[in-house]
Amino acid sequence: MISRIADVDRNTLETQVRVCLNLDGVGTGVFETGVPFLDHMLDQVARHGLIDLEVRAKGDLHIDAHHTVEDIGITLGQAVEKALGSKKGIRRYGHAYIPLDEALSRVVIDFSGRPGLSYDVTFPRARIGEFDVDLFLEFFRGFVNHAKVTLHIDNLKGQNAHHIAETVFKAFGRAMRMAIEPDTRMQDVVPSTKGMI
């Protein structure tokens, strides 16, 4: 399988974002987004997805973190889409259940070529530290629309907002890892009856 590496820049009047990734990495991460809790969550994706991931962003944080978080999701989606190329030889589907103490979340992903998001996560409070939990939905919506995946995220139980968020991002990393793994039985075949994704 060819190297699955991508380097994507997104520059707008609101944000400047750069994402570099290696889908066949060892789980290393470098994060400088100006949004510390998002950095922590992205580190979970890298570590549990075995993706080498570098995300650097400068945004209009003097307003709030909305544009920065959304644009990081968009740019990450673009980078994953670029790194996967034709998607030949991947498993395509991935899923994970991840617990953390009382919290349990499930993430299911399909590299279908069709953006679709089902997000059922309710947090017991509006903020985790300084982070507005509404922005998780914006992050995943941006990712889905630009990675062109179908993504189902369900928090099944939990009372601690930090635990809930962490189980979601760990499960996201694990599900993505499963879906993008090379399938030795598929080799150079696109995993679709259409012949393309």
# chains A, B, ... in the order shown; residues from 1 in each chain; ligands from 1
$ residues_around --residues "Met41 in chain A" --least-positions-apart "6" --cutoff "8 Å" --atoms "only C-alpha atoms" --output "list in words"
Ala165, Glu166, Phe169 and Lys170 of chain A
$ write_last_selection --atoms "N, CA and C atoms" --output "PDB file, in the first residue's frame"
ATOM      1  N   ALA A 165     -16.886  13.180  26.807  1.00  0.00           N
ATOM      2  CA  ALA A 165     -16.124  13.679  25.659  1.00  0.00           C
ATOM      3  C   ALA A 165     -14.967  12.752  25.324  1.00  0.00           C
ATOM      4  N   GLU A 166     -14.268  12.299  26.351  1.00  0.00           N
ATOM      5  CA  GLU A 166     -13.097  11.457  26.107  1.00  0.00           C
ATOM      6  C   GLU A 166     -13.488  10.122  25.498  1.00  0.00           C
ATOM      7  N   PHE A 169     -14.167  10.702  21.715  1.00  0.00           N
ATOM      8  CA  PHE A 169     -12.993  10.896  20.865  1.00  0.00           C
ATOM      9  C   PHE A 169     -12.114   9.650  20.796  1.00  0.00           C
ATOM     10  N   LYS A 170     -12.014   8.919  21.896  1.00  0.00           N
ATOM     11  CA  LYS A 170     -11.271   7.647  21.838  1.00  0.00           C
ATOM     12  C   LYS A 170     -11.961   6.670  20.900  1.00  0.00           C
TER      13      LYS A 170
END
$ residues_around --residues "Val8 in chain A" --least-positions-apart "6" --cutoff "7 Å" --atoms "only C-alpha atoms" --output "VMD selection string"
chain A and resid 18 to 20 75 79
$ write_last_selection --atoms "C-alpha atoms" --output "PDB file, in the first residue's frame"
ATOM      1  CA  ARG A  18      -2.701  23.271   9.069  1.00  0.00           C
ATOM      2  CA  VAL A  19      -3.147  19.522   9.430  1.00  0.00           C
ATOM      3  CA  CYS A  20      -0.389  17.022   8.663  1.00  0.00           C
ATOM      4  CA  THR A  75      -9.275  20.528   7.590  1.00  0.00           C
ATOM      5  CA  ALA A  79      -6.569  15.600   5.114  1.00  0.00           C
TER       6      ALA A  79
END
$ closest_residue --among "A:Asn22, A:Gln159, A:Thr15, A:Ser86" --to "Asp188 in chain A" --atoms "only C-alpha atoms"
A:Ser86
$ closest_residue --among "A:Leu21, A:Val69, A:Val45, A:Ile128" --to "His163 in chain A" --atoms "only C-alpha atoms"
A:Ile128
$ residues_around --residues "Glu102 in chain A" --least-positions-apart "3" --cutoff "9 Å" --atoms "only C-alpha atoms" --output "ChimeraX atom specification"
/A:99,157-160,163-164
$ write_last_selection --atoms "N, CA and C atoms" --output "PDB file, in the first residue's frame"
ATOM      1  N   PRO A  99     -15.337   2.684  27.112  1.00  0.00           N
ATOM      2  CA  PRO A  99     -15.772   3.130  28.438  1.00  0.00           C
ATOM      3  C   PRO A  99     -14.710   4.003  29.101  1.00  0.00           C
ATOM      4  N   LYS A 157     -24.066   6.178  28.034  1.00  0.00           N
ATOM      5  CA  LYS A 157     -24.274   6.527  29.438  1.00  0.00           C
ATOM      6  C   LYS A 157     -23.121   7.386  29.914  1.00  0.00           C
ATOM      7  N   GLY A 158     -23.362   8.088  31.008  1.00  0.00           N
ATOM      8  CA  GLY A 158     -22.307   8.916  31.585  1.00  0.00           C
ATOM      9  C   GLY A 158     -22.873  10.107  32.318  1.00  0.00           C
ATOM     10  N   GLN A 159     -22.178  10.513  33.391  1.00  0.00           N
ATOM     11  CA  GLN A 159     -22.567  11.697  34.156  1.00  0.00           C
ATOM     12  C   GLN A 159     -21.495  12.782  34.128  1.00  0.00           C
ATOM     13  N   ASN A 160     -20.248  12.398  33.886  1.00  0.00           N
ATOM     14  CA  ASN A 160     -19.132  13.328  33.908  1.00  0.00           C
ATOM     15  C   ASN A 160     -18.852  13.807  32.490  1.00  0.00           C
ATOM     16  N   HIS A 163     -15.518  12.805  30.961  1.00  0.00           N
ATOM     17  CA  HIS A 163     -15.495  11.383  30.627  1.00  0.00           C
ATOM     18  C   HIS A 163     -16.280  11.113  29.346  1.00  0.00           C
ATOM     19  N   ILE A 164     -17.432  11.752  29.209  1.00  0.00           N
ATOM     20  CA  ILE A 164     -18.246  11.560  28.008  1.00  0.00           C
ATOM     21  C   ILE A 164     -17.466  11.992  26.773  1.00  0.00           C
TER      22      ILE A 164
END
$ select_by_dssp --residues "chain A" --states "strand (DSSP E or B)" --output "mmCIF file with C-alpha atoms, in the first residue's frame"
data_model
loop_
_atom_site.group_PDB
_atom_site.id
_atom_site.type_symbol
_atom_site.label_atom_id
_atom_site.label_comp_id
_atom_site.auth_asym_id
_atom_site.auth_seq_id
_atom_site.Cartn_x
_atom_site.Cartn_y
_atom_site.Cartn_z
ATOM 1 C CA ILE A 5 0.164 10.937 4.160
ATOM 2 C CA ALA A 6 -1.435 14.349 3.727
ATOM 3 C CA ASP A 7 -0.620 17.964 4.489
ATOM 4 C CA VAL A 8 -3.533 20.399 4.180
ATOM 5 C CA ASP A 9 -3.775 24.142 4.830
ATOM 6 C CA ARG A 10 -7.022 26.070 5.245
ATOM 7 C CA ASN A 11 -6.750 29.839 5.393
ATOM 8 C CA THR A 15 -8.716 31.030 10.858
ATOM 9 C CA GLN A 16 -5.474 29.607 9.597
ATOM 10 C CA VAL A 17 -5.316 25.837 10.054
ATOM 11 C CA ARG A 18 -2.701 23.271 9.069
ATOM 12 C CA VAL A 19 -3.147 19.522 9.430
ATOM 13 C CA CYS A 20 -0.389 17.022 8.663
ATOM 14 C CA LEU A 21 -1.104 13.338 9.120
ATOM 15 C CA ASN A 22 0.141 9.842 8.461
ATOM 16 C CA GLY A 29 0.616 14.048 18.062
ATOM 17 C CA VAL A 30 1.570 17.720 18.001
ATOM 18 C CA PHE A 31 -1.236 20.167 18.747
ATOM 19 C CA GLU A 32 -1.192 23.955 18.900
ATOM 20 C CA ASP A 52 0.546 10.538 13.438
ATOM 21 C CA LEU A 53 -1.217 13.879 13.611
ATOM 22 C CA GLU A 54 -0.067 17.471 13.700
ATOM 23 C CA VAL A 55 -2.650 20.246 14.009
ATOM 24 C CA ARG A 56 -1.706 23.908 14.223
ATOM 25 C CA ALA A 57 -4.295 26.659 14.191
ATOM 26 C CA LYS A 58 -4.669 30.369 14.740
ATOM 27 C CA GLY A 59 -8.193 31.669 14.934
ATOM 28 C CA ILE A 90 -9.382 -0.578 3.135
ATOM 29 C CA TYR A 93 -16.315 0.209 8.076
ATOM 30 C CA GLY A 94 -15.207 0.661 11.657
ATOM 31 C CA HIS A 95 -16.797 0.721 15.072
ATOM 32 C CA ALA A 96 -15.782 1.033 18.701
ATOM 33 C CA TYR A 97 -17.313 1.021 22.153
ATOM 34 C CA ILE A 98 -15.151 2.873 24.686
ATOM 35 C CA PRO A 99 -15.772 3.130 28.438
ATOM 36 C CA LEU A 100 -14.240 5.524 30.913
ATOM 37 C CA ALA A 103 -19.255 6.796 30.719
ATOM 38 C CA LEU A 104 -19.691 4.648 27.611
ATOM 39 C CA SER A 105 -19.787 5.787 23.995
ATOM 40 C CA ARG A 106 -20.164 4.075 20.624
ATOM 41 C CA VAL A 107 -18.848 5.366 17.312
ATOM 42 C CA VAL A 108 -19.523 3.730 13.934
ATOM 43 C CA ILE A 109 -17.954 5.028 10.719
ATOM 44 C CA ASP A 110 -18.330 4.217 7.037
ATOM 45 C CA GLY A 116 -23.842 11.860 6.962
ATOM 46 C CA LEU A 117 -23.789 12.512 10.690
ATOM 47 C CA SER A 118 -25.957 11.114 13.459
ATOM 48 C CA TYR A 119 -24.868 12.672 16.753
ATOM 49 C CA ASP A 120 -26.607 11.718 19.986
ATOM 50 C CA ARG A 127 -18.706 23.747 29.420
ATOM 51 C CA ILE A 128 -15.706 21.575 30.188
ATOM 52 C CA PHE A 131 -14.608 24.638 26.269
ATOM 53 C CA ASP A 132 -18.189 24.986 24.983
ATOM 54 C CA THR A 150 -21.092 8.450 7.390
ATOM 55 C CA LEU A 151 -20.553 8.792 11.133
ATOM 56 C CA HIS A 152 -22.771 7.714 14.022
ATOM 57 C CA ILE A 153 -21.803 8.924 17.501
ATOM 58 C CA ASP A 154 -23.836 7.814 20.503
ATOM 59 C CA ASN A 155 -23.084 8.385 24.152
ATOM 60 C CA LEU A 156 -24.800 5.451 25.839
ATOM 61 C CA LYS A 157 -24.274 6.527 29.438
ATOM 62 C CA PRO A 182 -5.643 -2.447 4.934
#
$ atom_distance --atom1 "CA of Glu14 in chain A" --atom2 "CA of Thr68 in chain A"
7.8 Å
